[in-house]
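A.B. asks: The file below is start_24.cif, mmCIF, C-alpha atoms:
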```cif
data_coords
loop_
_atom_site.label_atom_id
_atom_site.label_comp_id
_atom_site.auth_asym_id
_atom_site.auth_seq_id
_atom_site.Cartn_x
_atom_site.Cartn_y
_atom_site.Cartn_z
CA MET A 24 11.86 -5.31 1.84
CA LYS A 25 12.53 -8.90 2.77
CA TYR A 26 9.77 -9.36 5.32
CA ILE A 27 6.79 -11.60 4.75
CA PHE A 28 3.61 -9.82 5.66
CA LEU A 29 0.05 -11.03 5.88
CA MET A 30 -1.12 -10.96 2.32
CA LEU A 31 -4.13 -9.22 0.87
CA CYS A 32 -4.85 -10.60 -2.59
CA PHE A 33 -6.92 -8.75 -5.14
CA LEU A 34 -7.38 -11.10 -8.11
CA THR A 35 -8.66 -9.65 -11.35
CA LEU A 36 -9.27 -12.47 -13.81
CA ILE A 37 -10.02 -11.34 -17.34
CA SER A 38 -9.65 -14.50 -19.42
CA CYS A 39 -13.10 -15.84 -20.37
CA LYS A 40 -11.59 -19.27 -20.96
CA PHE A 41 -10.14 -19.30 -17.46
CA MET A 42 -13.44 -18.13 -16.01
CA ASN A 43 -15.33 -20.91 -17.70
CA GLU A 44 -12.92 -23.45 -16.22
CA PHE A 45 -12.88 -21.91 -12.75
CA ASN A 46 -13.15 -24.73 -10.23
CA ARG A 47 -14.40 -23.75 -6.78
CA LYS A 48 -13.87 -27.23 -5.35
CA ASP A 49 -10.17 -27.13 -6.25
CA MET A 50 -9.88 -23.69 -4.65
CA ASP A 51 -11.56 -25.01 -1.50
CA LYS A 52 -9.06 -27.87 -1.38
CA LEU A 53 -6.17 -25.46 -1.79
CA PHE A 54 -7.34 -23.22 1.04
CA ALA A 55 -8.04 -26.22 3.25
CA LEU A 56 -4.43 -27.29 2.72
CA TYR A 57 -3.17 -23.80 3.58
CA GLN A 58 -5.22 -23.89 6.77
CA GLU A 59 -4.27 -27.44 7.79
CA LYS A 60 -0.54 -26.90 7.30
CA ASN A 61 -0.42 -23.24 8.40
CA LEU A 62 1.22 -22.50 5.06
CA PHE A 63 -0.32 -19.18 4.16
CA PHE A 64 -2.23 -16.38 5.89
CA VAL A 65 -4.46 -14.98 3.16
CA ASN A 66 -7.83 -13.70 2.01
CA VAL A 67 -8.84 -13.98 -1.63
CA LEU A 68 -11.82 -12.52 -3.44
CA VAL A 69 -12.35 -13.29 -7.13
CA LYS A 70 -14.89 -11.26 -9.10
CA LYS A 71 -15.91 -10.97 -12.72
CA GLU A 72 -17.87 -7.92 -13.86
CA GLY A 73 -18.96 -7.26 -10.28
CA ALA A 74 -20.18 -10.79 -9.61
CA LYS A 75 -18.40 -12.81 -6.93
CA LEU A 76 -16.96 -16.06 -8.23
CA TYR A 77 -15.02 -17.11 -5.16
CA GLU A 78 -14.12 -15.97 -1.66
CA GLY A 79 -11.71 -17.85 0.56
CA SER A 80 -9.55 -17.43 3.63
CA ALA A 81 -6.72 -19.31 5.28
CA GLY A 82 -4.58 -18.73 8.31
CA TYR A 83 -5.10 -16.27 11.14
CA GLN A 84 -5.58 -12.58 11.67
CA ASN A 85 -4.47 -13.24 15.25
CA PHE A 86 -2.38 -16.39 15.49
CA GLU A 87 -1.85 -16.30 19.26
CA ASN A 88 -5.59 -16.20 19.96
CA LYS A 89 -6.45 -18.46 17.01
CA VAL A 90 -8.71 -15.88 15.36
CA LYS A 91 -8.95 -16.98 11.74
CA ASN A 92 -8.91 -14.74 8.70
CA ASN A 93 -12.40 -14.07 7.33
CA PRO A 94 -14.09 -11.59 4.97
CA THR A 95 -14.17 -8.90 7.71
CA THR A 96 -10.41 -9.06 8.33
CA ILE A 97 -8.74 -5.69 7.77
CA PHE A 98 -5.24 -5.78 6.29
CA MET A 99 -2.57 -3.20 5.72
CA ILE A 100 -2.65 -3.13 1.92
CA GLY A 101 0.86 -1.71 1.59
CA SER A 102 1.82 -0.39 -1.82
CA ILE A 103 -1.64 -1.01 -3.25
CA SER A 104 -2.14 2.38 -1.54
CA LYS A 105 -0.17 3.92 -4.39
CA THR A 106 -3.09 3.30 -6.76
CA TYR A 107 -5.28 5.48 -4.52
CA THR A 108 -2.64 8.22 -4.47
CA ALA A 109 -2.29 8.10 -8.25
CA THR A 110 -6.07 8.29 -8.62
CA ILE A 111 -6.31 11.42 -6.47
CA LEU A 112 -3.44 13.02 -8.37
CA MET A 113 -5.07 12.27 -11.73
CA GLN A 114 -8.36 13.73 -10.47
CA LEU A 115 -6.46 16.95 -9.74
CA VAL A 116 -5.02 16.82 -13.27
CA GLU A 117 -8.54 16.50 -14.70
CA GLU A 118 -9.61 19.47 -12.58
CA GLY A 119 -6.78 21.56 -14.04
CA LYS A 120 -5.11 22.04 -10.67
CA ILE A 121 -1.84 20.41 -11.71
CA LYS A 122 -0.17 19.25 -14.93
CA LEU A 123 1.76 16.03 -15.39
CA ASP A 124 4.71 17.98 -16.76
CA ASP A 125 4.81 20.35 -13.78
CA THR A 126 8.10 19.95 -11.96
CA LEU A 127 8.54 19.06 -8.33
CA SER A 128 10.31 22.41 -7.83
CA LYS A 129 6.90 24.11 -8.00
CA TYR A 130 6.10 22.54 -4.63
CA PHE A 131 9.35 21.39 -3.02
CA PRO A 132 12.31 23.15 -4.67
CA ASP A 133 14.83 21.89 -2.12
CA ILE A 134 14.48 18.24 -3.16
CA PRO A 135 17.50 17.13 -5.25
CA ASN A 136 16.86 17.58 -9.00
CA ALA A 137 13.42 19.03 -8.23
CA HIS A 138 13.64 21.32 -11.28
CA LEU A 139 14.13 18.25 -13.52
CA ILE A 140 11.63 15.85 -11.94
CA SER A 141 8.08 16.05 -13.31
CA ILE A 142 4.93 14.84 -11.59
CA GLU A 143 4.66 12.14 -14.23
CA MET A 144 8.16 10.90 -13.40
CA LEU A 145 7.14 10.53 -9.76
CA LEU A 146 4.03 8.59 -10.78
CA ARG A 147 6.07 6.30 -13.02
CA HIS A 148 9.02 5.79 -10.64
CA ARG A 149 11.42 7.58 -12.94
CA SER A 150 12.62 10.37 -10.64
CA GLY A 151 15.97 8.85 -9.71
CA LEU A 152 15.38 9.65 -6.04
CA PHE A 153 16.69 7.14 -3.51
CA ASN A 154 14.05 4.91 -1.92
CA TYR A 155 13.93 6.00 1.72
CA THR A 156 12.74 2.57 2.91
CA ALA A 157 16.02 1.10 1.62
CA ASP A 158 18.02 3.13 4.12
CA PRO A 159 19.90 0.77 6.52
CA GLN A 160 18.50 2.78 9.47
CA PHE A 161 14.89 2.48 8.32
CA LEU A 162 13.86 -0.56 10.36
CA LYS A 163 15.46 0.93 13.45
CA GLU A 164 13.17 3.96 13.23
CA VAL A 165 9.97 2.72 11.63
CA ALA A 166 8.13 1.99 14.89
CA ASN A 167 8.33 5.67 15.90
CA PRO A 168 6.18 8.53 14.58
CA ILE A 169 7.61 10.93 12.00
CA SER A 170 6.21 14.22 10.71
CA LYS A 171 5.87 15.54 7.18
CA GLU A 172 8.39 18.26 8.05
CA GLU A 173 10.92 15.68 9.17
CA PHE A 174 10.41 13.71 5.97
CA LEU A 175 11.00 16.78 3.82
CA LYS A 176 14.11 17.63 5.80
CA ARG A 177 15.47 14.14 5.14
CA PHE A 178 14.46 14.18 1.49
CA LYS A 179 16.53 17.33 0.91
CA SER A 180 19.66 15.26 1.46
CA LEU A 181 18.62 12.22 -0.58
CA LYS A 182 21.17 10.74 -2.90
CA ILE A 183 20.44 10.47 -6.61
CA ASN A 184 20.41 6.99 -8.12
CA PHE A 185 20.18 8.23 -11.73
CA GLN A 186 19.20 11.30 -13.70
CA PRO A 187 15.45 11.97 -13.92
CA ASP A 188 13.63 9.91 -16.57
CA ALA A 189 16.79 7.97 -17.46
CA GLN A 190 15.32 4.70 -16.23
CA PHE A 191 12.70 3.07 -14.01
CA GLU A 192 13.42 2.21 -10.39
CA TYR A 193 10.76 1.61 -7.76
CA SER A 194 10.98 4.15 -4.95
CA ASN A 195 8.54 4.82 -2.12
CA THR A 196 9.98 8.33 -1.99
CA ASN A 197 8.10 9.16 -5.21
CA TYR A 198 4.68 8.45 -3.74
CA MET A 199 5.41 9.98 -0.37
CA LEU A 200 6.20 13.19 -2.24
CA LEU A 201 3.04 12.87 -4.36
CA GLY A 202 1.03 12.72 -1.13
CA PHE A 203 2.69 15.95 -0.01
CA VAL A 204 1.96 17.52 -3.42
CA ILE A 205 -1.72 16.60 -3.05
CA GLU A 206 -1.76 18.33 0.34
CA SER A 207 -0.06 21.42 -1.10
CA ILE A 208 -2.57 21.73 -3.94
CA THR A 209 -5.72 21.07 -1.91
CA LYS A 210 -4.63 22.82 1.29
CA ASP A 211 -6.00 19.74 3.02
CA THR A 212 -4.68 16.51 4.49
CA TYR A 213 -4.12 13.46 2.33
CA GLN A 214 -6.45 11.55 4.67
CA ASN A 215 -9.33 13.98 4.08
CA GLN A 216 -8.79 13.97 0.32
CA LEU A 217 -8.74 10.17 0.27
CA GLN A 218 -11.98 10.09 2.21
CA LYS A 219 -13.80 12.67 0.08
CA ARG A 220 -12.51 11.72 -3.35
CA ILE A 221 -12.56 7.92 -3.15
CA LEU A 222 -13.82 6.26 0.02
CA ASP A 223 -17.07 8.23 0.42
CA LYS A 224 -17.87 8.14 -3.30
CA LEU A 225 -17.46 4.37 -3.46
CA ASN A 226 -19.06 3.77 -0.04
CA LEU A 227 -15.96 1.99 1.22
CA LYS A 228 -16.82 1.60 4.89
CA ASN A 229 -13.95 -0.75 5.71
CA THR A 230 -11.06 1.20 4.19
CA PHE A 231 -8.98 3.50 6.36
CA PHE A 232 -5.95 5.73 6.20
CA GLY A 233 -3.58 4.35 8.82
CA ARG A 234 -4.42 1.49 11.13
CA SER A 235 -8.12 0.88 11.65
CA THR A 236 -9.55 1.41 15.13
CA GLN A 237 -11.61 -1.77 14.65
CA GLN A 238 -9.05 -3.81 16.51
CA ALA A 239 -11.17 -6.95 16.60
CA HIS A 240 -10.84 -7.20 12.82
CA VAL A 241 -7.28 -6.00 12.23
CA ALA A 242 -4.80 -8.56 10.94
CA ILE A 243 -1.54 -8.80 12.84
CA SER A 244 1.57 -9.18 10.71
CA TYR A 245 3.53 -12.42 11.03
CA ALA A 246 6.62 -14.03 9.56
CA PRO A 247 7.52 -17.73 9.61
CA ASP A 248 10.21 -18.98 11.95
CA SER A 249 11.66 -22.50 12.03
CA THR A 250 8.60 -24.15 13.57
CA SER A 251 5.68 -21.71 13.54
CA TRP A 252 4.86 -18.03 13.06
CA LYS A 253 6.04 -14.97 14.95
CA ARG A 254 4.95 -11.35 14.87
CA THR A 255 7.01 -9.21 12.55
CA ASN A 256 9.20 -6.77 14.37
CA PRO A 257 9.17 -3.87 14.46
CA GLU A 258 5.53 -3.01 13.78
CA TRP A 259 5.41 -0.01 11.49
CA ASN A 260 4.08 3.35 12.52
CA THR A 261 2.02 4.20 9.42
CA ASP A 262 3.50 7.72 9.34
CA TRP A 263 6.34 6.02 7.50
CA ALA A 264 4.03 4.67 4.79
CA ALA A 265 1.33 7.35 4.33
CA ALA A 266 0.54 8.00 0.65
CA ALA A 267 3.04 5.34 -0.38
CA GLY A 268 1.52 2.49 1.63
CA GLY A 269 -0.54 3.57 4.64
CA ILE A 270 -4.05 2.34 3.78
CA THR A 271 -5.91 -0.55 5.40
CA ALA A 272 -8.88 -2.41 3.91
CA THR A 273 -10.84 -5.62 3.66
CA THR A 274 -10.67 -7.69 0.49
CA GLY A 275 -14.28 -6.74 -0.23
CA ASP A 276 -13.48 -3.02 -0.22
#
```
If you took the structure in this file and wrote it as structure tokens, what would it be?
C.D. replies:
Amino acid sequence: MKYIFLMLCFLTLISCKFMNEFNRKDMDKLFALYQEKNLFFVNVLVKKEGAKLYEGSAGYQNFENKVKNNPTTIFMIGSISKTYTATILMQLVEEGKIKLDDTLSKYFPDIPNAHLISIEMLLRHRSGLFNYTADPQFLKEVANPISKEEFLKRFKSLKINFQPDAQFEYSNTNYMLLGFVIESITKDTYQNQLQKRILDKLNLKNTFFGRSTQQAHVAISYAPDSTSWKRTNPEWNTDWAAAAGGITATTGD
């Protein structure tokens, strides 16, 4: 998608040489420039082996009210959510509740090519299923709620971009379906499984499925116009992202 959203940056730096040369003063200058020129709305947290090397913010979580980004700002983390979904799925594999070579037809036989698409293909974006967020009508509908049943109804008529496992092509459809598979296996909601399997275990108090109710800390999404910044429109209903992109978090979490 060609929208510019507020950015949540997780930086994992593994080069010892780079770490030894890490210059906090230069980073401070960079973020000061971002803030002075309104160039970038961003939070960054850099850690090495659990130790914080740098934390910085620039721009605003609420531009109209001049509320600046800070370590408590909660962002929609978008497709980083897919790593959580993959983690839950792999936990279920370890528990023997699903196999990577199980086919999608075991859960949703009406999806095109379901008998040929494995769970691993969904994880690796090799299903060939059309990316539902690329539909020309998507942005006209995304502000409204949508149910799981409605998604599955739509997915039954998806076009096929290529035969399963023939190539790689990023598709949010894959991870939306994986979220539904998780619910089918556990007989529970994706939200509850996320909470029990990851958030509670890691004591992530500032990570949420869907938009956080802590409105004072939630970052509003903006895009640049010719002279300033404007709110992105439409604002997504997170039903449309769910297991593919519906999680919110702070950089610390």
A.B. asks: By how many Å are atom CA of A:Thr261 and atom CA of A:Gly233 apart?
C.D. replies: 5.6 Å
A.B. asks: Could you pull the residues within 10 Å of stretch 172-187 of chain A, counting all atoms listed in the file, minus those fewer than 6 positions along the same chain, as JSON, numbers by chain?
C.D. replies: {"A": [131, 132, 133, 134, 135, 136, 137, 138, 139, 140, 141, 144, 145, 148, 149, 150, 151, 152, 153, 154, 155, 196, 199, 200, 203, 262, 263]}
A.B. asks: Evaluated on this file, the PyMOL selection byres ((chain A and resi 268) around 10) picks out some residues - which ones are they, written as JSON, numbers by chain?
C.D. replies: {"A": [99, 100, 101, 102, 103, 104, 105, 106, 107, 108, 195, 198, 199, 232, 233, 261, 262, 263, 264, 265, 266, 267, 269, 270, 271]}
A.B. asks: First collect every listed atom of stretch 261-266 of chain A; then fit an axis-aligned box around them, widen it by 6 Å on each side, and give centre and edge lengths in Å to one decimal, as AutoDock Vina command-line options.
C.D. replies:
```
--center_x 3.4 --center_y 6.1 --center_z 5.0 --size_x 17.8 --size_y 15.8 --size_z 20.8
```
A.B. asks: In Å to one decimal, how far is atom CA of A:Ala166 from atom CA of A:Thr96?
C.D. replies: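 Atom-to-atom, atom CA of A:Thr96 and atom CA of A:Ala166 are spaced 22.6 Å apart.
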A.B. asks: With all atoms listed in the file as the atoms that count, which of A:Asn229, A:Gly275, A:Leu123, A:Ser170 lies nearest to A:Val69?
C.D. replies: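 So, comparing all the options, the nearest one is A:Gly275.
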A.B. asks: For A:Leu225, which residue among A:Met50, A:Asp276, A:Lys89, A:Glu206 is the nearest when counting only C-alpha atoms?
C.D. replies: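 Comparing A:Met50, A:Asp276, A:Lys89, A:Glu206 against A:Leu225, the winner is A:Asp276.
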A.B. asks: In file coordinates, which residues lie within 7 Å of (9.7, 2.3, -9.8) using all atoms listed in the file, given as a ChimeraX atom specification?
C.D. replies: /A:147-149,191-194
